[in-house]
$ cat entry06.cif   # mmCIF, C-alpha atoms; chains and numbers go by the auth columns
data_model
loop_
_atom_site.group_PDB
_atom_site.id
_atom_site.type_symbol
_atom_site.label_atom_id
_atom_site.label_comp_id
_atom_site.label_asym_id
_atom_site.label_seq_id
_atom_site.Cartn_x
_atom_site.Cartn_y
_atom_site.Cartn_z
_atom_site.B_iso_or_equiv
_atom_site.auth_seq_id
_atom_site.auth_asym_id
ATOM 1 C CA MET A 1 -1.126 5.973 22.246 0.00 1002 F
ATOM 2 C CA THR A 2 -2.330 5.841 18.650 0.00 1003 F
ATOM 3 C CA THR A 3 -5.428 7.890 17.952 0.00 1004 F
ATOM 4 C CA GLN A 4 -8.082 7.799 15.279 0.00 1005 F
ATOM 5 C CA THR A 5 -6.496 10.962 13.890 0.00 1006 F
ATOM 6 C CA ASP A 6 -3.162 9.120 13.586 0.00 1007 F
ATOM 7 C CA HIS A 7 -4.850 6.325 11.661 0.00 1008 F
ATOM 8 C CA ALA A 8 -6.589 8.785 9.353 0.00 1009 F
ATOM 9 C CA ALA A 9 -3.283 10.570 8.659 0.00 1010 F
ATOM 10 C CA LEU A 10 -1.621 7.246 7.864 0.00 1011 F
ATOM 11 C CA ILE A 11 -4.395 6.284 5.453 0.00 1012 F
ATOM 12 C CA ASP A 12 -4.196 9.710 3.790 0.00 1013 F
ATOM 13 C CA ALA A 13 -0.411 9.363 3.421 0.00 1014 F
ATOM 14 C CA PHE A 14 -0.804 5.895 1.895 0.00 1015 F
ATOM 15 C CA TYR A 15 -3.352 6.993 -0.710 0.00 1016 F
ATOM 16 C CA GLU A 16 -1.414 10.162 -1.561 0.00 1017 F
ATOM 17 C CA ALA A 17 1.630 7.976 -2.218 0.00 1018 F
ATOM 18 C CA PHE A 18 -0.513 5.511 -4.188 0.00 1019 F
ATOM 19 C CA ALA A 19 -1.825 8.344 -6.394 0.00 1020 F
ATOM 20 C CA LYS A 20 1.822 9.262 -7.130 0.00 1021 F
ATOM 21 C CA ARG A 21 2.774 5.588 -7.623 0.00 1022 F
ATOM 22 C CA ASP A 22 5.382 5.933 -4.882 0.00 1023 F
ATOM 23 C CA ALA A 23 5.805 2.342 -3.677 0.00 1024 F
ATOM 24 C CA ASP A 24 8.513 3.275 -1.167 0.00 1025 F
ATOM 25 C CA ALA A 25 6.228 5.768 0.569 0.00 1026 F
ATOM 26 C CA MET A 26 3.327 3.308 0.437 0.00 1027 F
ATOM 27 C CA ASN A 27 5.400 0.525 1.964 0.00 1028 F
ATOM 28 C CA ALA A 28 6.606 2.893 4.689 0.00 1029 F
ATOM 29 C CA CYS A 29 2.990 3.086 5.866 0.00 1030 F
ATOM 30 C CA TYR A 30 2.901 -0.629 6.654 0.00 1031 F
ATOM 31 C CA HIS A 31 4.072 -2.574 9.681 0.00 1032 F
ATOM 32 C CA PRO A 32 7.310 -4.512 8.998 0.00 1033 F
ATOM 33 C CA ASP A 33 5.306 -7.759 9.257 0.00 1034 F
ATOM 34 C CA ILE A 34 2.824 -6.639 6.599 0.00 1035 F
ATOM 35 C CA ALA A 35 0.076 -9.049 5.602 0.00 1036 F
ATOM 36 C CA PHE A 36 -2.048 -8.226 2.557 0.00 1037 F
ATOM 37 C CA SER A 37 -4.810 -10.144 0.847 0.00 1038 F
ATOM 38 C CA ASP A 38 -7.416 -9.404 -1.793 0.00 1039 F
ATOM 39 C CA PRO A 39 -9.041 -11.460 -4.575 0.00 1040 F
ATOM 40 C CA VAL A 40 -6.186 -10.792 -7.018 0.00 1041 F
ATOM 41 C CA PHE A 41 -3.268 -11.033 -4.565 0.00 1042 F
ATOM 42 C CA PRO A 42 -4.271 -13.501 -1.847 0.00 1043 F
ATOM 43 C CA ASP A 43 -2.224 -13.983 1.321 0.00 1044 F
ATOM 44 C CA LEU A 44 0.896 -11.890 0.666 0.00 1045 F
ATOM 45 C CA ARG A 45 3.253 -11.286 3.569 0.00 1046 F
ATOM 46 C CA GLY A 46 6.431 -9.293 4.178 0.00 1047 F
ATOM 47 C CA ASP A 47 8.582 -8.711 1.121 0.00 1048 F
ATOM 48 C CA ASP A 48 6.009 -10.367 -1.166 0.00 1049 F
ATOM 49 C CA ALA A 49 3.433 -7.719 -0.213 0.00 1050 F
ATOM 50 C CA ARG A 50 5.965 -4.904 -0.615 0.00 1051 F
ATOM 51 C CA ALA A 51 6.947 -6.286 -4.035 0.00 1052 F
ATOM 52 C CA MET A 52 3.292 -6.287 -5.114 0.00 1053 F
ATOM 53 C CA TRP A 53 3.031 -2.519 -4.502 0.00 1054 F
ATOM 54 C CA GLU A 54 6.341 -1.950 -6.304 0.00 1055 F
ATOM 55 C CA MET A 55 5.088 -3.952 -9.306 0.00 1056 F
ATOM 56 C CA LEU A 56 1.715 -2.184 -9.391 0.00 1057 F
ATOM 57 C CA CYS A 57 3.336 1.238 -9.191 0.00 1058 F
ATOM 58 C CA ALA A 58 5.898 0.435 -11.895 0.00 1059 F
ATOM 59 C CA GLN A 59 3.618 -1.412 -14.313 0.00 1060 F
ATOM 60 C CA GLY A 60 0.110 -0.121 -13.586 0.00 1061 F
ATOM 61 C CA LYS A 61 0.166 2.539 -16.283 0.00 1062 F
ATOM 62 C CA ASP A 62 -3.634 2.826 -16.406 0.00 1063 F
ATOM 63 C CA LEU A 63 -3.966 2.821 -12.619 0.00 1064 F
ATOM 64 C CA GLU A 64 -5.852 5.792 -11.196 0.00 1065 F
ATOM 65 C CA VAL A 65 -6.513 6.581 -7.543 0.00 1066 F
ATOM 66 C CA GLU A 66 -9.261 9.035 -6.641 0.00 1067 F
#

$ encode --input "entry06.cif" --output "structure tokens"
Amino acid sequence: MTTQTDHAALIDAFYEAFAKRDADAMNACYHPDIAFSDPVFPDLRGDDARAMWEMLCAQGKDLEVE
């Protein structure tokens, strides 16, 4: 059974990886059938969503996560 603590740990791991621009660790936090959508990247699924994180981590030189 997944607990609220498990979810919080997963979110922490994701944002720690994001702060380090570690796309592999970020993508490891997602379900294999990832679906992601926001105003800039609408309706990304699977490898397209994983590629978005890889691109942001590689090219987002002014990206800061607090």

$ atom_distance --input "entry06.cif" --atom1 "atom CA of Arg1051 of chain F" --atom2 "atom CA of Asp1013 of chain F"
18.3 Å

$ residues_around --input "entry06.cif" --residues "segment 1014-1024 of chain F" --least-positions-apart "2" --cutoff "10 Å" --atoms "all atoms listed in the file" --output "number ranges by chain"
F: 1008-1012, 1026-1031, 1051-1062, 1064-1067

$ atom_distance --input "entry06.cif" --atom1 "atom CA of Ser1038 of chain F" --atom2 "atom CA of Asp1063 of chain F"
21.6 Å

$ atom_distance --input "entry06.cif" --atom1 "atom CA of His1032 of chain F" --atom2 "atom CA of Asp1048 of chain F"
11.5 Å
